[in-house]
$ cat input.cif   # mmCIF, N, CA and C atoms
data_protein
loop_
_atom_site.label_atom_id
_atom_site.label_comp_id
_atom_site.auth_asym_id
_atom_site.auth_seq_id
_atom_site.Cartn_x
_atom_site.Cartn_y
_atom_site.Cartn_z
N MET N 1 -11.66 -66.19 32.77
CA MET N 1 -11.50 -65.56 31.47
C MET N 1 -11.26 -66.64 30.41
N SER N 2 -11.99 -66.58 29.31
CA SER N 2 -11.88 -67.62 28.30
C SER N 2 -10.56 -67.51 27.54
N ARG N 3 -10.18 -68.61 26.95
CA ARG N 3 -8.99 -68.65 26.13
C ARG N 3 -9.33 -69.36 24.84
N VAL N 4 -8.56 -69.08 23.83
CA VAL N 4 -8.75 -69.75 22.55
C VAL N 4 -7.93 -71.02 22.55
N SER N 5 -8.51 -72.10 22.05
CA SER N 5 -7.80 -73.37 22.01
C SER N 5 -7.29 -73.66 20.61
N LEU N 6 -6.15 -74.33 20.58
CA LEU N 6 -5.53 -74.70 19.32
C LEU N 6 -6.47 -75.61 18.52
N ASN N 7 -6.54 -75.38 17.23
CA ASN N 7 -7.34 -76.17 16.29
C ASN N 7 -8.84 -76.09 16.54
N GLN N 8 -9.25 -75.06 17.25
CA GLN N 8 -10.68 -74.77 17.43
C GLN N 8 -11.01 -73.48 16.68
N THR N 9 -12.27 -73.33 16.32
CA THR N 9 -12.68 -72.10 15.63
C THR N 9 -12.50 -70.90 16.55
N ALA N 10 -11.82 -69.89 16.03
CA ALA N 10 -11.60 -68.67 16.82
C ALA N 10 -12.89 -67.87 16.88
N PRO N 11 -13.23 -67.31 18.02
CA PRO N 11 -14.49 -66.56 18.13
C PRO N 11 -14.47 -65.30 17.27
N ASP N 12 -15.57 -65.06 16.59
CA ASP N 12 -15.68 -63.87 15.74
C ASP N 12 -15.86 -62.64 16.62
N PHE N 13 -15.47 -61.51 16.08
CA PHE N 13 -15.64 -60.24 16.79
C PHE N 13 -15.67 -59.12 15.75
N SER N 14 -16.18 -58.00 16.16
CA SER N 14 -16.16 -56.79 15.33
C SER N 14 -15.74 -55.62 16.20
N LEU N 15 -14.84 -54.81 15.66
CA LEU N 15 -14.41 -53.60 16.36
C LEU N 15 -14.16 -52.51 15.32
N PRO N 16 -14.46 -51.25 15.65
CA PRO N 16 -14.06 -50.17 14.75
C PRO N 16 -12.56 -49.93 14.86
N ASP N 17 -11.91 -49.70 13.70
CA ASP N 17 -10.50 -49.33 13.78
C ASP N 17 -10.39 -47.87 14.20
N PHE N 18 -9.18 -47.35 14.27
CA PHE N 18 -9.06 -45.98 14.81
C PHE N 18 -9.54 -44.92 13.82
N SER N 19 -9.88 -45.36 12.59
CA SER N 19 -10.47 -44.43 11.63
C SER N 19 -11.99 -44.54 11.60
N GLY N 20 -12.53 -45.48 12.38
CA GLY N 20 -13.97 -45.63 12.46
C GLY N 20 -14.54 -46.71 11.55
N ASN N 21 -13.68 -47.38 10.78
CA ASN N 21 -14.15 -48.47 9.90
C ASN N 21 -14.20 -49.77 10.70
N THR N 22 -15.35 -50.44 10.65
CA THR N 22 -15.49 -51.67 11.44
C THR N 22 -14.78 -52.83 10.75
N ALA N 23 -14.02 -53.56 11.54
CA ALA N 23 -13.34 -54.76 11.06
C ALA N 23 -13.84 -55.95 11.87
N SER N 24 -14.13 -57.03 11.15
CA SER N 24 -14.57 -58.27 11.81
C SER N 24 -13.64 -59.39 11.41
N LEU N 25 -13.45 -60.32 12.32
CA LEU N 25 -12.62 -61.48 11.98
C LEU N 25 -13.22 -62.22 10.78
N SER N 26 -14.55 -62.28 10.74
CA SER N 26 -15.21 -63.02 9.66
C SER N 26 -14.99 -62.36 8.29
N ASP N 27 -14.56 -61.09 8.28
CA ASP N 27 -14.25 -60.43 7.00
C ASP N 27 -13.16 -61.19 6.24
N PHE N 28 -12.31 -61.88 6.99
CA PHE N 28 -11.13 -62.52 6.39
C PHE N 28 -11.37 -63.99 6.03
N LEU N 29 -12.52 -64.51 6.46
CA LEU N 29 -12.81 -65.93 6.22
C LEU N 29 -12.73 -66.25 4.73
N GLY N 30 -11.98 -67.29 4.40
CA GLY N 30 -11.87 -67.71 3.01
C GLY N 30 -10.96 -66.84 2.17
N ARG N 31 -10.46 -65.75 2.74
CA ARG N 31 -9.63 -64.82 1.96
C ARG N 31 -8.20 -64.75 2.48
N LYS N 32 -8.05 -64.61 3.79
CA LYS N 32 -6.72 -64.41 4.37
C LYS N 32 -6.60 -65.13 5.70
N ASN N 33 -5.37 -65.51 6.00
CA ASN N 33 -5.05 -65.92 7.36
C ASN N 33 -4.92 -64.63 8.19
N VAL N 34 -5.10 -64.74 9.48
CA VAL N 34 -5.02 -63.56 10.34
C VAL N 34 -4.08 -63.85 11.51
N LEU N 35 -3.10 -62.97 11.69
CA LEU N 35 -2.31 -63.02 12.92
C LEU N 35 -2.89 -61.98 13.85
N LEU N 36 -3.56 -62.45 14.89
CA LEU N 36 -4.17 -61.57 15.87
C LEU N 36 -3.15 -61.32 16.98
N VAL N 37 -2.81 -60.06 17.17
CA VAL N 37 -1.78 -59.70 18.15
C VAL N 37 -2.44 -58.87 19.25
N PHE N 38 -2.34 -59.37 20.46
CA PHE N 38 -2.85 -58.61 21.61
C PHE N 38 -1.68 -57.89 22.23
N SER N 39 -1.71 -56.58 22.08
CA SER N 39 -0.55 -55.80 22.47
C SER N 39 -0.56 -55.51 23.97
N ARG N 40 0.62 -55.15 24.41
CA ARG N 40 0.73 -54.54 25.72
C ARG N 40 0.39 -53.08 25.52
N THR N 41 0.54 -52.30 26.52
CA THR N 41 0.30 -50.87 26.33
C THR N 41 1.38 -50.29 25.43
N PHE N 42 1.05 -49.20 24.74
CA PHE N 42 2.02 -48.55 23.86
C PHE N 42 3.04 -47.74 24.66
N ALA N 43 2.72 -47.44 25.89
CA ALA N 43 3.58 -46.55 26.69
C ALA N 43 4.93 -47.20 26.95
N MET O 1 6.49 -54.48 18.25
CA MET O 1 5.71 -53.93 17.13
C MET O 1 6.64 -53.58 15.97
N ALA O 2 7.86 -53.15 16.30
CA ALA O 2 8.83 -52.81 15.25
C ALA O 2 9.20 -54.04 14.44
N GLN O 3 9.31 -55.17 15.13
CA GLN O 3 9.65 -56.41 14.43
C GLN O 3 8.52 -56.84 13.49
N LEU O 4 7.30 -56.65 13.94
CA LEU O 4 6.15 -56.97 13.09
C LEU O 4 6.14 -56.08 11.85
N ARG O 5 6.47 -54.81 12.06
CA ARG O 5 6.51 -53.88 10.93
C ARG O 5 7.59 -54.30 9.94
N GLN O 6 8.75 -54.65 10.48
CA GLN O 6 9.86 -55.03 9.61
C GLN O 6 9.54 -56.28 8.79
N ASP O 7 8.86 -57.23 9.41
CA ASP O 7 8.57 -58.50 8.75
C ASP O 7 7.23 -58.50 8.02
N TYR O 8 6.53 -57.38 8.06
CA TYR O 8 5.18 -57.35 7.49
C TYR O 8 5.11 -57.86 6.05
N PRO O 9 6.05 -57.47 5.17
CA PRO O 9 5.97 -57.99 3.79
C PRO O 9 6.00 -59.51 3.73
N GLN O 10 6.70 -60.13 4.67
CA GLN O 10 6.75 -61.59 4.69
C GLN O 10 5.41 -62.19 5.12
N PHE O 11 4.72 -61.48 6.01
CA PHE O 11 3.37 -61.94 6.38
C PHE O 11 2.43 -61.79 5.18
N VAL O 12 2.50 -60.66 4.52
CA VAL O 12 1.64 -60.41 3.36
C VAL O 12 1.88 -61.47 2.29
N ALA O 13 3.15 -61.84 2.10
CA ALA O 13 3.49 -62.84 1.09
C ALA O 13 2.86 -64.19 1.40
N ARG O 14 2.52 -64.40 2.66
CA ARG O 14 1.91 -65.67 3.08
C ARG O 14 0.40 -65.53 3.30
N ASP O 15 -0.16 -64.46 2.76
CA ASP O 15 -1.61 -64.24 2.90
C ASP O 15 -2.02 -64.10 4.36
N ILE O 16 -1.14 -63.53 5.16
CA ILE O 16 -1.45 -63.32 6.58
C ILE O 16 -1.67 -61.83 6.81
N GLU O 17 -2.85 -61.47 7.28
CA GLU O 17 -3.12 -60.09 7.67
C GLU O 17 -2.83 -59.95 9.16
N VAL O 18 -2.06 -58.94 9.50
CA VAL O 18 -1.74 -58.70 10.92
C VAL O 18 -2.78 -57.73 11.49
N VAL O 19 -3.40 -58.14 12.57
CA VAL O 19 -4.42 -57.32 13.23
C VAL O 19 -4.03 -57.17 14.70
N VAL O 20 -3.79 -55.93 15.12
CA VAL O 20 -3.38 -55.66 16.49
C VAL O 20 -4.56 -55.13 17.29
N VAL O 21 -4.84 -55.77 18.41
CA VAL O 21 -5.91 -55.33 19.32
C VAL O 21 -5.26 -54.89 20.63
N GLY O 22 -5.66 -53.73 21.11
CA GLY O 22 -5.07 -53.24 22.36
C GLY O 22 -6.07 -52.46 23.19
N PRO O 23 -5.75 -52.22 24.43
CA PRO O 23 -6.70 -51.58 25.35
C PRO O 23 -6.78 -50.07 25.23
N GLU O 24 -5.90 -49.47 24.42
CA GLU O 24 -5.91 -48.01 24.30
C GLU O 24 -7.13 -47.54 23.48
N ASP O 25 -7.40 -46.24 23.55
CA ASP O 25 -8.53 -45.73 22.78
C ASP O 25 -8.08 -45.36 21.36
N ALA O 26 -9.04 -44.95 20.54
CA ALA O 26 -8.77 -44.69 19.11
C ALA O 26 -7.73 -43.59 18.95
N ARG O 27 -7.77 -42.59 19.79
CA ARG O 27 -6.82 -41.47 19.66
C ARG O 27 -5.39 -41.96 19.90
N ALA O 28 -5.21 -42.77 20.93
CA ALA O 28 -3.87 -43.29 21.22
C ALA O 28 -3.38 -44.21 20.11
N PHE O 29 -4.30 -45.03 19.58
CA PHE O 29 -3.94 -45.91 18.47
C PHE O 29 -3.50 -45.09 17.26
N ALA O 30 -4.30 -44.09 16.90
CA ALA O 30 -4.00 -43.29 15.72
C ALA O 30 -2.65 -42.60 15.87
N ALA O 31 -2.38 -42.06 17.05
CA ALA O 31 -1.10 -41.37 17.27
C ALA O 31 0.07 -42.34 17.17
N TYR O 32 -0.09 -43.53 17.73
CA TYR O 32 0.99 -44.52 17.70
C TYR O 32 1.22 -45.04 16.30
N TRP O 33 0.14 -45.29 15.58
CA TRP O 33 0.26 -45.81 14.20
C TRP O 33 0.96 -44.80 13.29
N GLN O 34 0.62 -43.52 13.51
CA GLN O 34 1.25 -42.48 12.70
C GLN O 34 2.72 -42.34 13.06
N LYS O 35 2.99 -42.34 14.35
CA LYS O 35 4.38 -42.16 14.82
C LYS O 35 5.28 -43.29 14.34
N GLU O 36 4.76 -44.50 14.37
CA GLU O 36 5.58 -45.68 14.03
C GLU O 36 5.41 -46.13 12.59
N SER O 37 4.55 -45.45 11.84
CA SER O 37 4.27 -45.81 10.44
C SER O 37 3.93 -47.29 10.30
N LEU O 38 2.98 -47.74 11.07
CA LEU O 38 2.62 -49.16 11.07
C LEU O 38 1.69 -49.47 9.90
N PRO O 39 1.97 -50.52 9.14
CA PRO O 39 1.19 -50.81 7.94
C PRO O 39 -0.01 -51.71 8.18
N PHE O 40 -0.14 -52.28 9.37
CA PHE O 40 -1.20 -53.27 9.58
C PHE O 40 -2.40 -52.65 10.29
N ILE O 41 -3.40 -53.49 10.52
CA ILE O 41 -4.67 -53.03 11.09
C ILE O 41 -4.56 -52.89 12.60
N GLY O 42 -5.04 -51.77 13.12
CA GLY O 42 -5.04 -51.55 14.56
C GLY O 42 -6.45 -51.36 15.07
N LEU O 43 -6.82 -52.15 16.06
CA LEU O 43 -8.19 -52.09 16.58
C LEU O 43 -8.18 -51.72 18.06
N PRO O 44 -8.59 -50.50 18.36
CA PRO O 44 -8.70 -50.11 19.77
C PRO O 44 -9.81 -50.89 20.45
N ASP O 45 -9.55 -51.35 21.65
CA ASP O 45 -10.55 -52.12 22.40
C ASP O 45 -10.61 -51.60 23.84
N PRO O 46 -11.02 -50.33 23.98
CA PRO O 46 -10.98 -49.71 25.32
C PRO O 46 -11.95 -50.36 26.31
N THR O 47 -12.98 -51.07 25.81
CA THR O 47 -13.90 -51.75 26.73
C THR O 47 -13.43 -53.19 27.00
N HIS O 48 -12.32 -53.57 26.37
CA HIS O 48 -11.69 -54.89 26.59
C HIS O 48 -12.57 -56.05 26.16
N SER O 49 -13.52 -55.81 25.26
CA SER O 49 -14.46 -56.87 24.88
C SER O 49 -13.74 -58.03 24.18
N VAL O 50 -12.88 -57.71 23.22
CA VAL O 50 -12.17 -58.77 22.50
C VAL O 50 -11.02 -59.31 23.34
N LEU O 51 -10.39 -58.44 24.09
CA LEU O 51 -9.30 -58.88 24.97
C LEU O 51 -9.82 -59.94 25.95
N LYS O 52 -11.03 -59.74 26.45
CA LYS O 52 -11.63 -60.72 27.37
C LYS O 52 -12.08 -61.97 26.61
N LEU O 53 -12.67 -61.76 25.42
CA LEU O 53 -13.14 -62.88 24.61
C LEU O 53 -12.01 -63.86 24.32
N TYR O 54 -10.82 -63.30 24.10
CA TYR O 54 -9.67 -64.14 23.77
C TYR O 54 -8.80 -64.44 24.99
N GLY O 55 -9.18 -63.93 26.14
CA GLY O 55 -8.51 -64.32 27.37
C GLY O 55 -7.13 -63.74 27.56
N GLN O 56 -6.90 -62.52 27.05
CA GLN O 56 -5.59 -61.90 27.31
C GLN O 56 -5.46 -61.65 28.81
N GLU O 57 -4.36 -62.08 29.36
CA GLU O 57 -4.18 -61.99 30.81
C GLU O 57 -3.65 -60.63 31.24
N VAL O 58 -4.05 -60.28 32.45
CA VAL O 58 -3.54 -59.06 33.07
C VAL O 58 -2.70 -59.47 34.27
N SER O 59 -1.50 -58.93 34.33
CA SER O 59 -0.65 -59.20 35.47
C SER O 59 -0.79 -58.07 36.48
N LEU O 60 -1.32 -58.41 37.64
CA LEU O 60 -1.48 -57.38 38.66
C LEU O 60 -0.14 -56.95 39.22
N PHE O 61 0.78 -57.89 39.26
CA PHE O 61 2.09 -57.57 39.84
C PHE O 61 2.93 -56.74 38.86
N LYS O 62 2.81 -57.11 37.58
CA LYS O 62 3.62 -56.40 36.59
C LYS O 62 2.86 -55.23 35.97
N LEU O 63 1.63 -55.02 36.46
CA LEU O 63 0.86 -53.84 36.08
C LEU O 63 0.73 -53.69 34.56
N GLY O 64 0.28 -54.72 33.94
CA GLY O 64 0.08 -54.60 32.50
C GLY O 64 -0.52 -55.85 31.91
N ARG O 65 -0.81 -55.79 30.63
CA ARG O 65 -1.37 -56.93 29.93
C ARG O 65 -0.27 -57.77 29.35
N MET O 66 -0.45 -59.06 29.43
CA MET O 66 0.52 -59.98 28.87
C MET O 66 0.29 -60.06 27.36
N PRO O 67 1.36 -60.12 26.59
CA PRO O 67 1.17 -60.24 25.14
C PRO O 67 0.57 -61.59 24.78
N ALA O 68 -0.20 -61.62 23.73
CA ALA O 68 -0.78 -62.88 23.24
C ALA O 68 -0.87 -62.80 21.72
N GLN O 69 -0.72 -63.95 21.06
CA GLN O 69 -0.82 -63.99 19.61
C GLN O 69 -1.59 -65.24 19.21
N VAL O 70 -2.44 -65.08 18.21
CA VAL O 70 -3.22 -66.21 17.68
C VAL O 70 -3.16 -66.14 16.15
N LEU O 71 -2.72 -67.22 15.53
CA LEU O 71 -2.74 -67.30 14.07
C LEU O 71 -3.97 -68.09 13.65
N ILE O 72 -4.82 -67.45 12.86
CA ILE O 72 -6.11 -68.03 12.46
C ILE O 72 -6.07 -68.25 10.95
N ASP O 73 -6.39 -69.47 10.53
CA ASP O 73 -6.33 -69.76 9.09
C ASP O 73 -7.58 -69.26 8.37
N LYS O 74 -7.61 -69.49 7.07
CA LYS O 74 -8.71 -68.93 6.26
C LYS O 74 -10.05 -69.57 6.57
N ALA O 75 -10.03 -70.72 7.25
CA ALA O 75 -11.27 -71.37 7.66
C ALA O 75 -11.73 -70.89 9.04
N GLY O 76 -10.95 -69.99 9.65
CA GLY O 76 -11.33 -69.45 10.95
C GLY O 76 -10.86 -70.28 12.13
N VAL O 77 -9.93 -71.20 11.87
CA VAL O 77 -9.45 -72.10 12.92
C VAL O 77 -8.12 -71.58 13.47
N ALA O 78 -7.98 -71.59 14.79
CA ALA O 78 -6.74 -71.14 15.44
C ALA O 78 -5.66 -72.19 15.23
N ARG O 79 -4.61 -71.85 14.52
CA ARG O 79 -3.54 -72.79 14.20
C ARG O 79 -2.31 -72.59 15.07
N PHE O 80 -2.26 -71.47 15.76
CA PHE O 80 -1.16 -71.19 16.69
C PHE O 80 -1.72 -70.28 17.76
N VAL O 81 -1.48 -70.64 19.01
CA VAL O 81 -1.99 -69.85 20.13
C VAL O 81 -0.87 -69.68 21.14
N HIS O 82 -0.57 -68.44 21.45
CA HIS O 82 0.49 -68.18 22.43
C HIS O 82 0.03 -67.12 23.41
N TYR O 83 0.00 -67.49 24.68
CA TYR O 83 -0.29 -66.53 25.74
C TYR O 83 1.00 -66.29 26.51
N GLY O 84 1.49 -65.07 26.45
CA GLY O 84 2.75 -64.75 27.10
C GLY O 84 2.65 -64.82 28.62
N HIS O 85 3.76 -65.25 29.22
CA HIS O 85 3.83 -65.32 30.69
C HIS O 85 4.57 -64.13 31.28
N SER O 86 5.14 -63.31 30.40
CA SER O 86 5.80 -62.08 30.86
C SER O 86 5.69 -61.06 29.75
N MET O 87 6.05 -59.84 30.04
CA MET O 87 5.95 -58.77 29.05
C MET O 87 6.80 -59.06 27.81
N SER O 88 7.88 -59.78 28.01
CA SER O 88 8.80 -60.03 26.88
C SER O 88 8.58 -61.39 26.23
N ASP O 89 7.57 -62.11 26.68
CA ASP O 89 7.31 -63.46 26.16
C ASP O 89 6.49 -63.36 24.87
N ILE O 90 7.19 -63.02 23.80
CA ILE O 90 6.56 -62.83 22.49
C ILE O 90 7.23 -63.78 21.51
N PRO O 91 6.44 -64.60 20.81
CA PRO O 91 7.06 -65.57 19.90
C PRO O 91 7.76 -64.89 18.73
N LYS O 92 8.80 -65.56 18.24
CA LYS O 92 9.54 -65.04 17.10
C LYS O 92 8.68 -65.11 15.83
N ASN O 93 8.83 -64.12 15.00
CA ASN O 93 8.07 -64.11 13.74
C ASN O 93 8.45 -65.28 12.84
N GLU O 94 9.70 -65.72 12.93
CA GLU O 94 10.15 -66.79 12.04
C GLU O 94 9.26 -68.03 12.18
N GLY O 95 8.93 -68.38 13.41
CA GLY O 95 8.12 -69.56 13.65
C GLY O 95 6.71 -69.40 13.10
N ILE O 96 6.17 -68.20 13.24
CA ILE O 96 4.81 -67.94 12.75
C ILE O 96 4.80 -67.96 11.22
N LEU O 97 5.85 -67.40 10.63
CA LEU O 97 5.94 -67.39 9.17
C LEU O 97 6.09 -68.82 8.63
N ALA O 98 6.86 -69.63 9.32
CA ALA O 98 7.02 -71.03 8.90
C ALA O 98 5.68 -71.76 8.98
N LEU O 99 4.92 -71.47 10.02
CA LEU O 99 3.60 -72.08 10.14
C LEU O 99 2.68 -71.58 9.02
N GLY O 100 2.85 -70.31 8.66
CA GLY O 100 2.08 -69.77 7.54
C GLY O 100 2.35 -70.55 6.27
N ASP O 101 3.60 -70.92 6.07
CA ASP O 101 3.95 -71.73 4.90
C ASP O 101 3.23 -73.08 4.94
N GLU O 102 3.20 -73.68 6.14
CA GLU O 102 2.52 -74.98 6.30
C GLU O 102 1.03 -74.86 6.01
N ILE O 103 0.43 -73.81 6.55
CA ILE O 103 -1.03 -73.62 6.38
C ILE O 103 -1.38 -73.45 4.91
N ASN O 104 -0.52 -72.75 4.20
CA ASN O 104 -0.82 -72.45 2.80
C ASN O 104 -0.44 -73.58 1.85
N ALA O 105 0.30 -74.57 2.37
CA ALA O 105 0.80 -75.64 1.48
C ALA O 105 -0.35 -76.53 1.00
#

$ encode --input "input.cif" --output "structure tokens"
Amino acid sequence: MSRVSLNQTAPDFSLPDFSGNTASLSDFLGRKNVLLVFSRTFA
Amino acid sequence: MAQLRQDYPQFVARDIEVVVVGPEDARAFAAYWQKESLPFIGLPDPTHSVLKLYGQEVSLFKLGRMPAQVLIDKAGVARFVHYGHSMSDIPKNEGILALGDEINA
């Protein structure tokens, strides 16, 4: 399983949010920093 | 997640958007976001495509996914990478916020 390395370009991705609007990491390029949080289960 | 919610204004002040990716489906995400009044972006990933792309680990013994966090700057570069070794191995927000200050300086 791949991992992201420090100081390397993070891989882009697109996913629909729970309202159906697609969000991509590249949407934030040049505009915002992103804290990507990989959650455990909500249970 | 509660700590992220509490500190969210501090992330916003540093131009940091919080994006949560998890293995649950859209219905579970929507219910949780509403219940907890979460202000940030939630992305259901039931096919685990992004979870695998970023290498989130699964613990077979602990029967769950290990937490992971990546801070990505405006150029798309990973400036902080943390892969948890246990369910409770989650970095403090203070350190991430301090790094946000450095990135923006």

$ resolve_selection --input "input.cif" --expression "the PyMOL selection byres ((chain O) within 6 of (chain N))" --output "ChimeraX atom specification"
/O:15-22,26,30,42-44,52-55,65-81

$ axis_aligned_box --input "input.cif" --around "stretch 11-22 of chain O" --padding-each-side "3 Å" --output "AutoDock Vina command-line options"
--center_x -0.7 --center_y -59.1 --center_z 12.1 --size_x 16.8 --size_y 19.2 --size_z 28.1

$ atom_distance --input "input.cif" --atom1 "atom C of O:Glu94" --atom2 "atom N of O:Phe29"
27.7 Å

$ atom_distance --input "input.cif" --atom1 "atom C of O:Ile41" --atom2 "atom N of O:Ala98"
20.5 Å

$ select_by_dssp --input "input.cif" --residues "chain N" --states "strand (DSSP E or B)" --output "list in words"
Thr9, Ser14, Leu15, Pro16, Thr22, Ala23, Ser24, Asn33, Val34, Leu35, Leu36, Val37 and Phe38 of chain N

$ write_last_selection --input "input.cif" --atoms "N, CA and C atoms" --output "PDB file, in the frame of the given file"
ATOM      1  N   THR N   9     -12.270 -73.330  16.320  1.00  0.00           N
ATOM      2  CA  THR N   9     -12.680 -72.100  15.630  1.00  0.00           C
ATOM      3  C   THR N   9     -12.500 -70.900  16.550  1.00  0.00           C
ATOM      4  N   SER N  14     -16.180 -58.000  16.160  1.00  0.00           N
ATOM      5  CA  SER N  14     -16.160 -56.790  15.330  1.00  0.00           C
ATOM      6  C   SER N  14     -15.740 -55.620  16.200  1.00  0.00           C
ATOM      7  N   LEU N  15     -14.840 -54.810  15.660  1.00  0.00           N
ATOM      8  CA  LEU N  15     -14.410 -53.600  16.360  1.00  0.00           C
ATOM      9  C   LEU N  15     -14.160 -52.510  15.320  1.00  0.00           C
ATOM     10  N   PRO N  16     -14.460 -51.250  15.650  1.00  0.00           N
ATOM     11  CA  PRO N  16     -14.060 -50.170  14.750  1.00  0.00           C
ATOM     12  C   PRO N  16     -12.560 -49.930  14.860  1.00  0.00           C
ATOM     13  N   THR N  22     -15.350 -50.440  10.650  1.00  0.00           N
ATOM     14  CA  THR N  22     -15.490 -51.670  11.440  1.00  0.00           C
ATOM     15  C   THR N  22     -14.780 -52.830  10.750  1.00  0.00           C
ATOM     16  N   ALA N  23     -14.020 -53.560  11.540  1.00  0.00           N
ATOM     17  CA  ALA N  23     -13.340 -54.760  11.060  1.00  0.00           C
ATOM     18  C   ALA N  23     -13.840 -55.950  11.870  1.00  0.00           C
ATOM     19  N   SER N  24     -14.130 -57.030  11.150  1.00  0.00           N
ATOM     20  CA  SER N  24     -14.570 -58.270  11.810  1.00  0.00           C
ATOM     21  C   SER N  24     -13.640 -59.390  11.410  1.00  0.00           C
ATOM     22  N   ASN N  33      -5.370 -65.510   6.000  1.00  0.00           N
ATOM     23  CA  ASN N  33      -5.050 -65.920   7.360  1.00  0.00           C
ATOM     24  C   ASN N  33      -4.920 -64.630   8.190  1.00  0.00           C
ATOM     25  N   VAL N  34      -5.100 -64.740   9.480  1.00  0.00           N
ATOM     26  CA  VAL N  34      -5.020 -63.560  10.340  1.00  0.00           C
ATOM     27  C   VAL N  34      -4.080 -63.850  11.510  1.00  0.00           C
ATOM     28  N   LEU N  35      -3.100 -62.970  11.690  1.00  0.00           N
ATOM     29  CA  LEU N  35      -2.310 -63.020  12.920  1.00  0.00           C
ATOM     30  C   LEU N  35      -2.890 -61.980  13.850  1.00  0.00           C
ATOM     31  N   LEU N  36      -3.560 -62.450  14.890  1.00  0.00           N
ATOM     32  CA  LEU N  36      -4.170 -61.570  15.870  1.00  0.00           C
ATOM     33  C   LEU N  36      -3.150 -61.320  16.980  1.00  0.00           C
ATOM     34  N   VAL N  37      -2.810 -60.060  17.170  1.00  0.00           N
ATOM     35  CA  VAL N  37      -1.780 -59.700  18.150  1.00  0.00           C
ATOM     36  C   VAL N  37      -2.440 -58.870  19.250  1.00  0.00           C
ATOM     37  N   PHE N  38      -2.340 -59.370  20.460  1.00  0.00           N
ATOM     38  CA  PHE N  38      -2.850 -58.610  21.610  1.00  0.00           C
ATOM     39  C   PHE N  38      -1.680 -57.890  22.230  1.00  0.00           C
TER      40      PHE N  38
END

$ atom_distance --input "input.cif" --atom1 "atom C of O:Met1" --atom2 "atom CA of N:Asp27"
23.7 Å

$ residues_around --input "input.cif" --residues "O:Ser37" --least-positions-apart "5" --cutoff "8 Å" --atoms "all atoms listed in the file" --output "list of chain:residue names"
O:Arg5, O:Ala31, O:Tyr32

$ select_by_dssp --input "input.cif" --residues "stretch 9-104 of chain O" --states "helix (DSSP H, G or I)" --output "number ranges by chain"
O: 9-13, 26-36, 49-53, 93-104

$ closest_residue --input "input.cif" --among "O:Asp25, O:Trp33, O:Met87, O:Val12" --to "O:Thr47" --atoms "all atoms listed in the file"
O:Asp25
